[in-house]
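**Q** Below is the file input_10.cif, with mmCIF, C-alpha atoms.
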data_run
#
loop_
_atom_site.group_PDB
_atom_site.id
_atom_site.type_symbol
_atom_site.label_atom_id
_atom_site.label_comp_id
_atom_site.auth_asym_id
_atom_site.auth_seq_id
_atom_site.Cartn_x
_atom_site.Cartn_y
_atom_site.Cartn_z
ATOM 1 C CA MET Q 218 -85.840 -57.401 52.941
ATOM 2 C CA ILE Q 219 -84.863 -60.994 53.759
ATOM 3 C CA GLU Q 220 -83.600 -61.557 50.200
ATOM 4 C CA SER Q 221 -81.436 -58.451 50.322
ATOM 5 C CA ASN Q 222 -80.186 -59.540 53.767
ATOM 6 C CA ILE Q 223 -79.054 -62.833 52.243
ATOM 7 C CA ASN Q 224 -76.997 -60.869 49.719
ATOM 8 C CA PHE Q 225 -75.170 -59.195 52.602
ATOM 9 C CA VAL Q 226 -74.599 -62.566 54.287
ATOM 10 C CA VAL Q 227 -73.159 -63.994 51.046
ATOM 11 C CA ALA Q 228 -70.973 -60.877 50.682
ATOM 12 C CA ALA Q 229 -69.679 -61.280 54.268
ATOM 13 C CA TYR Q 230 -68.660 -64.927 53.787
ATOM 14 C CA ALA Q 231 -67.156 -64.142 50.362
ATOM 15 C CA VAL Q 232 -65.076 -61.293 51.836
ATOM 16 C CA THR Q 233 -63.921 -63.591 54.662
ATOM 17 C CA TRP Q 234 -62.722 -66.309 52.297
ATOM 18 C CA ILE Q 235 -61.147 -63.878 49.841
ATOM 19 C CA ALA Q 236 -59.180 -62.233 52.693
ATOM 20 C CA LEU Q 237 -58.031 -65.530 54.250
ATOM 21 C CA LEU Q 238 -57.081 -67.189 50.958
ATOM 22 C CA ALA Q 239 -55.348 -64.039 49.697
ATOM 23 C CA TYR Q 240 -53.237 -64.014 52.861
ATOM 24 C CA VAL Q 241 -52.368 -67.727 52.516
ATOM 25 C CA ILE Q 242 -51.279 -67.139 48.906
ATOM 26 C CA ARG Q 243 -49.201 -64.159 50.092
ATOM 27 C CA LEU Q 244 -47.560 -66.358 52.749
ATOM 28 C CA PHE Q 245 -46.727 -69.070 50.214
ATOM 29 C CA ARG Q 246 -45.213 -66.522 47.800
ATOM 30 C CA LYS Q 247 -43.283 -64.739 50.554
ATOM 31 C CA GLY Q 248 -41.974 -68.077 51.863
ATOM 32 C CA ARG Q 249 -40.836 -69.186 48.421
ATOM 33 C CA LEU Q 250 -39.087 -65.865 47.789
ATOM 34 C CA ALA Q 251 -37.375 -65.942 51.209
ATOM 35 C CA ARG Q 252 -36.127 -69.496 50.703
ATOM 36 C CA ALA Q 253 -34.860 -68.637 47.213
ATOM 37 C CA ALA Q 254 -33.029 -65.575 48.577
ATOM 38 C CA LEU Q 255 -31.478 -67.643 51.366
ATOM 39 C CA SER Q 256 -30.223 -70.342 49.018
ATOM 40 C CA ARG Q 257 -28.815 -67.619 46.705
ATOM 41 C CA VAL Q 258 -27.007 -65.916 49.589
ATOM 42 C CA THR Q 259 -25.602 -69.165 51.033
ATOM 43 C CA ARG Q 260 -24.487 -70.283 47.554
ATOM 44 C CA ASN Q 261 -22.696 -66.952 47.076
ATOM 45 C CA ASP Q 262 -21.018 -67.350 50.483
ATOM 46 C CA GLY Q 263 -19.866 -70.820 49.513
ATOM 47 C CA GLY Q 264 -18.486 -69.501 46.221
ATOM 48 C CA GLU Q 265 -16.415 -66.802 47.890
ATOM 49 C CA SER Q 266 -14.862 -68.959 50.572
ATOM 50 C CA MET X 262 -43.792 -74.977 53.679
ATOM 51 C CA ALA X 263 -46.180 -77.883 54.311
ATOM 52 C CA ILE X 264 -49.637 -77.578 52.802
ATOM 53 C CA TRP X 265 -51.475 -79.910 55.173
ATOM 54 C CA PRO X 266 -51.761 -77.512 58.152
ATOM 55 C CA ALA X 267 -53.410 -74.986 55.811
ATOM 56 C CA LEU X 268 -55.806 -77.622 54.483
ATOM 57 C CA ALA X 269 -56.581 -78.875 58.004
ATOM 58 C CA SER X 270 -57.274 -75.424 59.492
ATOM 59 C CA PHE X 271 -59.377 -74.319 56.524
ATOM 60 C CA GLY X 272 -61.185 -77.677 56.579
ATOM 61 C CA VAL X 273 -62.182 -77.079 60.219
ATOM 62 C CA LEU X 274 -63.379 -73.572 59.279
ATOM 63 C CA ILE X 275 -65.510 -74.915 56.406
ATOM 64 C CA ALA X 276 -67.060 -77.520 58.753
ATOM 65 C CA ALA X 277 -67.789 -74.907 61.459
ATOM 66 C CA GLN X 278 -69.337 -72.458 58.981
ATOM 67 C CA THR X 279 -71.447 -75.173 57.338
ATOM 68 C CA TYR X 280 -72.715 -76.353 60.731
ATOM 69 C CA SER X 281 -73.580 -72.856 61.955
ATOM 70 C CA ILE X 282 -75.245 -71.739 58.713
ATOM 71 C CA LEU X 283 -77.345 -74.897 58.419
ATOM 72 C CA THR X 284 -78.381 -75.262 62.067
ATOM 73 C CA SER X 285 -78.988 -71.701 63.315
ATOM 74 C CA PRO X 286 -82.553 -70.432 62.878
ATOM 75 C CA ALA X 287 -83.303 -66.995 61.350
ATOM 76 C CA GLU X 288 -83.221 -64.400 64.129
ATOM 77 C CA GLY X 289 -86.468 -62.562 65.002
ATOM 78 C CA ASP X 290 -85.343 -59.006 64.161
ATOM 79 C CA MET X 291 -82.405 -59.469 61.837
ATOM 80 C CA GLY X 292 -83.398 -62.652 59.988
ATOM 81 C CA HIS X 293 -80.465 -64.326 58.229
ATOM 82 C CA LEU X 294 -78.267 -61.270 58.759
ATOM 83 C CA GLN X 295 -77.428 -62.770 62.182
ATOM 84 C CA LYS X 296 -75.211 -65.333 60.391
ATOM 85 C CA ILE X 297 -72.622 -62.607 59.776
ATOM 86 C CA MET X 298 -71.946 -62.807 63.532
ATOM 87 C CA TYR X 299 -70.228 -66.211 63.004
ATOM 88 C CA VAL X 300 -67.445 -64.557 61.012
ATOM 89 C CA HIS X 301 -67.454 -60.998 62.386
ATOM 90 C CA VAL X 302 -67.257 -61.773 66.119
ATOM 91 C CA PRO X 303 -64.538 -64.492 65.887
ATOM 92 C CA ALA X 304 -62.500 -62.213 63.579
ATOM 93 C CA ALA X 305 -62.692 -59.493 66.257
ATOM 94 C CA TRP X 306 -61.625 -61.985 68.954
ATOM 95 C CA MET X 307 -58.647 -63.094 66.847
ATOM 96 C CA THR X 308 -57.667 -59.434 66.438
ATOM 97 C CA PHE X 309 -57.590 -59.049 70.234
ATOM 98 C CA LEU X 310 -55.652 -62.303 70.630
ATOM 99 C CA CYS X 311 -53.075 -61.224 68.052
ATOM 100 C CA PHE X 312 -52.490 -57.953 69.859
ATOM 101 C CA PHE X 313 -52.165 -59.862 73.118
ATOM 102 C CA VAL X 314 -49.436 -62.003 71.460
ATOM 103 C CA VAL X 315 -47.758 -58.785 70.229
ATOM 104 C CA LEU X 316 -47.858 -57.360 73.770
ATOM 105 C CA LEU X 317 -46.577 -60.563 75.373
ATOM 106 C CA PHE X 318 -43.616 -61.050 73.041
ATOM 107 C CA SER X 319 -42.801 -57.323 72.911
ATOM 108 C CA VAL X 320 -42.458 -57.265 76.708
ATOM 109 C CA ARG X 321 -40.415 -60.474 76.591
ATOM 110 C CA TYR X 322 -38.151 -59.033 73.909
ATOM 111 C CA LEU X 323 -37.396 -55.938 76.020
ATOM 112 C CA TRP X 324 -36.729 -58.197 79.001
ATOM 113 C CA LYS X 325 -34.645 -60.966 77.410
ATOM 114 C CA ARG X 326 -33.548 -59.373 74.080
ATOM 115 C CA ARG X 327 -34.196 -62.575 72.162
ATOM 116 C CA GLU X 328 -34.639 -62.098 68.440
ATOM 117 C CA SER X 329 -37.243 -64.875 68.218
ATOM 118 C CA ASP X 330 -39.572 -62.861 70.506
ATOM 119 C CA ASP X 331 -39.333 -59.836 68.213
ATOM 120 C CA LEU X 332 -40.073 -61.963 65.133
ATOM 121 C CA LEU X 333 -43.042 -63.628 66.847
ATOM 122 C CA ALA X 334 -44.486 -60.239 67.844
ATOM 123 C CA ALA X 335 -44.045 -58.960 64.285
ATOM 124 C CA SER X 336 -45.696 -62.089 62.835
ATOM 125 C CA ALA X 337 -48.671 -61.716 65.182
ATOM 126 C CA ALA X 338 -48.960 -58.025 64.254
ATOM 127 C CA GLU X 339 -49.209 -58.834 60.543
ATOM 128 C CA VAL X 340 -51.824 -61.552 61.140
ATOM 129 C CA GLY X 341 -53.639 -59.197 63.518
ATOM 130 C CA ALA X 342 -53.808 -56.557 60.790
ATOM 131 C CA VAL X 343 -55.477 -59.111 58.484
ATOM 132 C CA PHE X 344 -58.099 -60.043 61.102
ATOM 133 C CA ASN X 345 -58.598 -56.417 62.128
ATOM 134 C CA GLY X 346 -59.174 -55.345 58.509
ATOM 135 C CA LEU X 347 -61.565 -58.263 58.074
ATOM 136 C CA THR X 348 -63.461 -57.296 61.257
ATOM 137 C CA LEU X 349 -63.921 -53.745 59.956
ATOM 138 C CA LEU X 350 -65.091 -54.928 56.516
ATOM 139 C CA LEU X 351 -67.544 -57.448 57.989
ATOM 140 C CA GLY X 352 -68.862 -54.817 60.399
ATOM 141 C CA MET X 353 -69.511 -52.491 57.458
ATOM 142 C CA ILE X 354 -71.330 -55.251 55.550
ATOM 143 C CA TRP X 355 -73.466 -55.908 58.636
ATOM 144 C CA GLY X 356 -74.003 -52.204 59.366
ATOM 145 C CA ARG X 357 -75.466 -51.273 55.992
ATOM 146 C CA PRO X 358 -78.659 -53.391 56.271
ATOM 147 C CA ALA X 359 -78.849 -53.247 60.104
ATOM 148 C CA TRP X 360 -78.186 -49.533 60.713
ATOM 149 C CA GLY X 361 -78.698 -48.124 57.215
ATOM 150 C CA VAL X 362 -75.086 -46.867 57.027
ATOM 151 C CA TRP X 363 -71.785 -48.476 56.041
ATOM 152 C CA TRP X 364 -69.864 -46.558 58.686
ATOM 153 C CA ALA X 365 -70.558 -44.442 61.787
ATOM 154 C CA TRP X 366 -67.976 -42.627 63.884
ATOM 155 C CA ASP X 367 -69.118 -44.272 67.090
ATOM 156 C CA ALA X 368 -66.738 -45.353 69.852
ATOM 157 C CA ARG X 369 -66.511 -49.071 68.926
ATOM 158 C CA LEU X 370 -65.997 -48.539 65.200
ATOM 159 C CA THR X 371 -63.562 -45.663 65.631
ATOM 160 C CA SER X 372 -61.459 -47.418 68.292
ATOM 161 C CA THR X 373 -61.318 -50.564 66.097
ATOM 162 C CA LEU X 374 -60.128 -48.417 63.188
ATOM 163 C CA VAL X 375 -57.481 -46.858 65.456
ATOM 164 C CA LEU X 376 -56.350 -50.384 66.425
ATOM 165 C CA PHE X 377 -56.007 -51.234 62.717
ATOM 166 C CA LEU X 378 -53.952 -48.079 62.148
ATOM 167 C CA ILE X 379 -51.692 -49.046 65.079
ATOM 168 C CA PHE X 380 -51.097 -52.487 63.485
ATOM 169 C CA VAL X 381 -50.348 -50.820 60.124
ATOM 170 C CA GLY X 382 -48.067 -48.260 61.812
ATOM 171 C CA TYR X 383 -46.212 -51.039 63.632
ATOM 172 C CA LEU X 384 -45.593 -52.882 60.341
ATOM 173 C CA ALA X 385 -44.622 -49.675 58.519
ATOM 174 C CA LEU X 386 -42.116 -48.849 61.283
ATOM 175 C CA ARG X 387 -40.456 -52.228 60.799
ATOM 176 C CA GLY X 388 -40.082 -51.469 57.121
ATOM 177 C CA PHE X 389 -38.373 -48.123 57.768
ATOM 178 C CA VAL X 390 -35.697 -49.154 60.300
ATOM 179 C CA ASP X 391 -32.659 -51.024 58.957
ATOM 180 C CA ASP X 392 -30.848 -51.838 62.196
ATOM 181 C CA PRO X 393 -32.409 -55.084 63.559
ATOM 182 C CA GLN X 394 -31.877 -54.220 67.253
ATOM 183 C CA GLN X 395 -33.254 -50.716 66.907
ATOM 184 C CA ARG X 396 -36.172 -52.056 64.839
ATOM 185 C CA ALA X 397 -36.984 -54.647 67.507
ATOM 186 C CA ARG X 398 -36.785 -52.088 70.358
ATOM 187 C CA TRP X 399 -38.968 -49.500 68.626
ATOM 188 C CA SER X 400 -41.470 -52.147 67.490
ATOM 189 C CA ALA X 401 -41.722 -53.499 71.035
ATOM 190 C CA GLY X 402 -42.461 -49.971 72.291
ATOM 191 C CA VAL X 403 -45.227 -49.474 69.709
ATOM 192 C CA GLY X 404 -46.586 -52.968 70.439
ATOM 193 C CA ILE X 405 -46.835 -52.270 74.171
ATOM 194 C CA ILE X 406 -48.292 -48.767 73.817
ATOM 195 C CA GLY X 407 -50.671 -49.959 71.078
ATOM 196 C CA ALA X 408 -52.005 -52.729 73.307
ATOM 197 C CA ILE X 409 -53.515 -50.048 75.558
ATOM 198 C CA ASN X 410 -56.154 -49.593 72.857
ATOM 199 C CA VAL X 411 -57.388 -53.228 73.101
ATOM 200 C CA PRO X 412 -59.314 -52.858 76.408
ATOM 201 C CA LEU X 413 -60.568 -49.504 75.106
ATOM 202 C CA VAL X 414 -62.027 -51.210 72.018
ATOM 203 C CA TYR X 415 -63.549 -54.002 74.115
ATOM 204 C CA MET X 416 -65.094 -51.711 76.735
ATOM 205 C CA SER X 417 -66.137 -48.940 74.305
ATOM 206 C CA VAL X 418 -69.693 -50.312 74.009
ATOM 207 C CA THR X 419 -70.005 -50.309 77.806
ATOM 208 C CA TRP X 420 -68.340 -46.991 78.565
ATOM 209 C CA TRP X 421 -70.035 -44.940 75.827
ATOM 210 C CA ARG X 422 -73.448 -44.929 74.161
ATOM 211 C CA THR X 423 -72.771 -46.446 70.758
ATOM 212 C CA LEU X 424 -74.629 -47.560 67.646
ATOM 213 C CA HIS X 425 -72.825 -50.891 68.047
ATOM 214 C CA GLN X 426 -74.606 -53.389 70.292
ATOM 215 C CA PRO X 427 -73.017 -54.744 73.528
ATOM 216 C CA PRO X 428 -70.357 -57.470 73.118
ATOM 217 C CA SER X 429 -71.642 -60.787 71.711
ATOM 218 C CA SER X 430 -70.467 -63.867 73.599
ATOM 219 C CA PRO X 431 -71.873 -67.323 74.395
ATOM 220 C CA ALA X 432 -73.031 -65.839 77.737
ATOM 221 C CA THR X 433 -75.170 -63.122 76.120
ATOM 222 C CA LEU X 434 -76.518 -65.138 73.162
ATOM 223 C CA ASP X 435 -79.618 -67.229 72.651
ATOM 224 C CA PRO X 436 -78.575 -70.911 73.145
ATOM 225 C CA ALA X 437 -79.525 -71.617 69.506
ATOM 226 C CA TYR X 438 -76.513 -69.597 68.366
ATOM 227 C CA THR X 439 -73.861 -70.365 70.990
ATOM 228 C CA MET X 440 -72.518 -73.642 69.558
ATOM 229 C CA GLY X 441 -72.099 -72.070 66.111
ATOM 230 C CA LEU X 442 -70.207 -69.110 67.573
ATOM 231 C CA ARG X 443 -67.946 -71.362 69.680
ATOM 232 C CA LEU X 444 -67.127 -73.654 66.734
ATOM 233 C CA ASN X 445 -66.342 -70.737 64.423
ATOM 234 C CA ALA X 446 -64.147 -69.120 67.064
ATOM 235 C CA ILE X 447 -62.181 -72.374 67.548
ATOM 236 C CA ALA X 448 -61.859 -72.832 63.772
ATOM 237 C CA LEU X 449 -60.591 -69.290 63.270
ATOM 238 C CA LEU X 450 -58.195 -69.819 66.185
ATOM 239 C CA PHE X 451 -56.642 -72.743 64.254
ATOM 240 C CA VAL X 452 -56.342 -70.519 61.176
ATOM 241 C CA MET X 453 -54.757 -67.751 63.270
ATOM 242 C CA ILE X 454 -52.204 -70.139 64.824
ATOM 243 C CA TYR X 455 -51.358 -71.506 61.375
ATOM 244 C CA PHE X 456 -50.908 -67.965 60.012
ATOM 245 C CA ILE X 457 -48.656 -66.796 62.890
ATOM 246 C CA ARG X 458 -46.569 -69.968 62.843
ATOM 247 C CA THR X 459 -46.029 -69.800 59.081
ATOM 248 C CA ARG X 460 -45.288 -66.061 59.132
ATOM 249 C CA TYR X 461 -42.781 -66.623 61.952
ATOM 250 C CA HIS X 462 -40.874 -69.269 59.932
ATOM 251 C CA ILE X 463 -40.766 -66.910 56.940
ATOM 252 C CA ALA X 464 -39.555 -64.073 59.209
ATOM 253 C CA ARG X 465 -36.704 -66.275 60.459
ATOM 254 C CA THR X 466 -35.647 -67.059 56.891
ATOM 255 C CA GLU X 467 -35.853 -63.358 55.944
ATOM 256 C CA ARG X 468 -33.728 -62.498 58.985
ATOM 257 C CA ALA X 469 -31.118 -65.089 57.977
ATOM 258 C CA VAL X 470 -30.984 -63.519 54.487
ATOM 259 C CA GLU X 471 -30.650 -60.043 56.040
ATOM 260 C CA GLU X 472 -27.801 -61.225 58.288
ATOM 261 C CA ALA X 473 -25.992 -62.926 55.395
ATOM 262 C CA ALA X 474 -26.344 -59.804 53.254
ATOM 263 C CA GLN X 475 -25.003 -57.601 56.084
ATOM 264 C CA GLN X 476 -22.023 -59.919 56.597
ATOM 265 C CA ALA X 477 -21.342 -59.942 52.856
ATOM 266 C CA ALA X 478 -21.508 -56.126 52.784
ATOM 267 C CA MET X 479 -19.090 -55.875 55.746
ATOM 268 C CA GLY X 480 -16.742 -58.341 54.064
ATOM 269 C CA ALA X 481 -16.829 -56.346 50.813
ATOM 270 C CA THR X 482 -16.034 -53.003 52.547
ATOM 271 C CA PRO X 483 -12.476 -51.886 51.638
ATOM 272 C CA ARG X 484 -10.161 -51.534 54.666
#
Using structure tokens, write down the structure that the file contains.
**A**
Amino acid sequence: MIESNINFVVAAYAVTWIALLAYVIRLFRKGRLARAALSRVTRNDGGES
Amino acid sequence: MAIWPALASFGVLIAAQTYSILTSPAEGDMGHLQKIMYVHVPAAWMTFLCFFVVLLFSVRYLWKRRESDDLLAASAAEVGAVFNGLTLLLGMIWGRPAWGVWWAWDARLTSTLVLFLIFVGYLALRGFVDDPQQRARWSAGVGIIGAINVPLVYMSVTWWRTLHQPPSSPATLDPAYTMGLRLNAIALLFVMIYFIRTRYHIARTERAVEEAAQQAAMGATPR
């Protein structure tokens, strides 16, 4: 029983870290994409004016 | 985006988890399963805090009509959805060995699921509405109405007979476990602040892109 309980504890901490790190990676990707889009848009604006 | 705040907040979380896992004794009834509390309970607290931030900045948006308030509320809603989803998953992992079931439709679990669906609905709504002012107004309405569910979730274990035990807090815990719970809550608070702050900066950049695209579209419209 205790051994199987430890499996659930390991699963809980693994799920926690997977969720938090997945969200950080998502933030980094989203941030990079947003900055790239902004520089593209501002460059286009500069080209037109 | 600077990497050091991420490293610092996750470093504090690693330290808190290591301390609590190594120092807390196995609990009499649940054994080592009790250690899930150090991630499940703080994740639930962060969910409540996020929805409080959503409520606060939604009200402030309707009052002052400042775009930054809307973006902060939206950022907190996204982070809240992450913590709410995590709370549900961790509760299921705890429930299987403790109760013998992954899920039960009791008041605490169901109201927490409803809270998650409100967060998801809030984010979906923002994706559907193109006009920024209308999007901010509608989101603020959902944020305020959705916040009504937070006290319901918190009090559900007191108001109804549930499978879920009464709320865990340093006041109700054995002293052997209180320091671990406090440290993990503080560590996850740092992570939550880092997440909201970063998401807010991204939201501002996305908004600037949206504005530039709208201006370009208006400029390109034939007169």
**Q** For Leu386 of chain X, work out the shell of residues within 10 Å, counting all atoms listed in the file and skipping chain neighbours fewer than 3 positions away, then give it as a ChimeraX atom specification.
**A** /X:380-383,389-391,396-397,399-400,403
**Q** So which one's closest to Arg243 of chain Q, X:Leu294, X:Val343, X:Ala304, X:Leu424? Using all atoms listed in the file, please.
**A**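 For Arg243 of chain Q, the nearest of the given residues is X:Val343.
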**Q** Go through the shown structure with the PyMOL selection byres ((chain Q) within 9 of (chain X)) and write out the matching residues as a PDB file with C-alpha atoms, in the coordinates of the input.
**A**
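Once written, out_29.pdb looks like this:
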ATOM      1  CA  MET Q 218     -85.840 -57.401  52.941  1.00  0.00           C
ATOM      2  CA  ILE Q 219     -84.863 -60.994  53.759  1.00  0.00           C
ATOM      3  CA  SER Q 221     -81.436 -58.451  50.322  1.00  0.00           C
ATOM      4  CA  ASN Q 222     -80.186 -59.540  53.767  1.00  0.00           C
ATOM      5  CA  ILE Q 223     -79.054 -62.833  52.243  1.00  0.00           C
ATOM      6  CA  PHE Q 225     -75.170 -59.195  52.602  1.00  0.00           C
ATOM      7  CA  VAL Q 226     -74.599 -62.566  54.287  1.00  0.00           C
ATOM      8  CA  VAL Q 227     -73.159 -63.994  51.046  1.00  0.00           C
ATOM      9  CA  ALA Q 228     -70.973 -60.877  50.682  1.00  0.00           C
ATOM     10  CA  ALA Q 229     -69.679 -61.280  54.268  1.00  0.00           C
ATOM     11  CA  TYR Q 230     -68.660 -64.927  53.787  1.00  0.00           C
ATOM     12  CA  VAL Q 232     -65.076 -61.293  51.836  1.00  0.00           C
ATOM     13  CA  THR Q 233     -63.921 -63.591  54.662  1.00  0.00           C
ATOM     14  CA  ALA Q 236     -59.180 -62.233  52.693  1.00  0.00           C
ATOM     15  CA  LEU Q 237     -58.031 -65.530  54.250  1.00  0.00           C
ATOM     16  CA  TYR Q 240     -53.237 -64.014  52.861  1.00  0.00           C
ATOM     17  CA  VAL Q 241     -52.368 -67.727  52.516  1.00  0.00           C
ATOM     18  CA  LEU Q 244     -47.560 -66.358  52.749  1.00  0.00           C
ATOM     19  CA  PHE Q 245     -46.727 -69.070  50.214  1.00  0.00           C
ATOM     20  CA  LYS Q 247     -43.283 -64.739  50.554  1.00  0.00           C
ATOM     21  CA  GLY Q 248     -41.974 -68.077  51.863  1.00  0.00           C
ATOM     22  CA  ARG Q 249     -40.836 -69.186  48.421  1.00  0.00           C
ATOM     23  CA  ALA Q 251     -37.375 -65.942  51.209  1.00  0.00           C
ATOM     24  CA  ARG Q 252     -36.127 -69.496  50.703  1.00  0.00           C
ATOM     25  CA  ALA Q 254     -33.029 -65.575  48.577  1.00  0.00           C
ATOM     26  CA  LEU Q 255     -31.478 -67.643  51.366  1.00  0.00           C
ATOM     27  CA  SER Q 256     -30.223 -70.342  49.018  1.00  0.00           C
ATOM     28  CA  VAL Q 258     -27.007 -65.916  49.589  1.00  0.00           C
ATOM     29  CA  THR Q 259     -25.602 -69.165  51.033  1.00  0.00           C
ATOM     30  CA  ASP Q 262     -21.018 -67.350  50.483  1.00  0.00           C
TER      31      ASP Q 262
END
**Q** How would you write, as a list in words, the residues chosen by the PyMOL selection byres ((chain X and resi 307) around 10) on this structure?
**A**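 Evaluating the PyMOL selection byres ((chain X and resi 307) around 10) on this file yields Val302, Pro303, Ala304, Ala305, Trp306, Thr308, Phe309, Leu310, Cys311, Phe312, Phe313, Val340, Gly341, Val343, Phe344, Asn345, Thr348, Ala446, Ile447, Leu449, Leu450, Val452, Met453 and Ile454 of chain X.
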**Q** Between atom CA of Gly480 of chain X and atom CA of Asp331 of chain X, what distance in Å does the model show, to one decimal?
**A**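 Distance between the two atoms: 26.7 Å.
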**Q** What does the distance from atom CA of Pro286 of chain X to atom CA of Tyr438 of chain X come to in Å, to one decimal?
**A** 8.2 Å
**Q** Could you please determine the separation between atom CA of Ser417 of chain X and atom CA of Phe451 of chain X in Å, to one decimal place?
**A**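 Between atom CA of Ser417 of chain X and atom CA of Phe451 of chain X the gap is 27.5 Å.
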**Q** Give me chain Q from this structure - C-alpha atoms, as a CSV table (one decimal), in the first residue's frame.
**A**
chain,number,residue,atom,x,y,z
Q,218,MET,CA,0.0,0.0,0.0
Q,219,ILE,CA,2.8,2.4,1.0
Q,220,GLU,CA,4.7,1.6,-2.2
Q,221,SER,CA,1.7,2.2,-4.4
Q,222,ASN,CA,1.1,5.5,-2.5
Q,223,ILE,CA,4.6,6.6,-3.3
Q,224,ASN,CA,3.8,6.1,-7.0
Q,225,PHE,CA,0.9,8.5,-6.7
Q,226,VAL,CA,3.1,11.0,-4.9
Q,227,VAL,CA,5.7,10.8,-7.7
Q,228,ALA,CA,2.9,11.2,-10.3
Q,229,ALA,CA,1.6,14.3,-8.5
Q,230,TYR,CA,5.0,16.0,-8.4
Q,231,ALA,CA,5.7,15.0,-12.0
Q,232,VAL,CA,2.3,16.4,-13.2
Q,233,THR,CA,3.0,19.6,-11.3
Q,234,TRP,CA,6.4,20.1,-12.9
Q,235,ILE,CA,5.2,19.1,-16.4
Q,236,ALA,CA,2.3,21.6,-16.1
Q,237,LEU,CA,4.5,24.5,-14.8
Q,238,LEU,CA,7.3,24.0,-17.3
Q,239,ALA,CA,4.9,23.5,-20.2
Q,240,TYR,CA,3.3,26.8,-19.4
Q,241,VAL,CA,6.7,28.6,-19.1
Q,242,ILE,CA,7.7,27.2,-22.5
Q,243,ARG,CA,4.3,28.4,-23.9
Q,244,LEU,CA,5.0,31.9,-22.5
Q,245,PHE,CA,8.5,32.0,-24.0
Q,246,ARG,CA,7.1,30.9,-27.4
Q,247,LYS,CA,4.2,33.3,-27.3
Q,248,GLY,CA,6.5,36.2,-26.2
Q,249,ARG,CA,8.9,35.5,-29.1
Q,250,LEU,CA,6.1,35.3,-31.6
Q,251,ALA,CA,4.5,38.5,-30.3
Q,252,ARG,CA,7.8,40.4,-30.5
Q,253,ALA,CA,8.5,39.1,-34.0
Q,254,ALA,CA,5.0,40.2,-35.1
Q,255,LEU,CA,5.5,43.7,-33.5
Q,256,SER,CA,8.8,44.2,-35.2
Q,257,ARG,CA,7.3,43.1,-38.6
Q,258,VAL,CA,4.3,45.5,-38.2
Q,259,THR,CA,6.5,48.4,-37.2
Q,260,ARG,CA,8.9,47.7,-40.0
Q,261,ASN,CA,6.0,47.7,-42.5
Q,262,ASP,CA,4.8,51.0,-41.1
Q,263,GLY,CA,8.2,52.5,-41.5
Q,264,GLY,CA,8.4,51.2,-45.1
Q,265,GLU,CA,5.0,52.8,-46.0
Q,266,SER,CA,5.7,56.2,-44.5
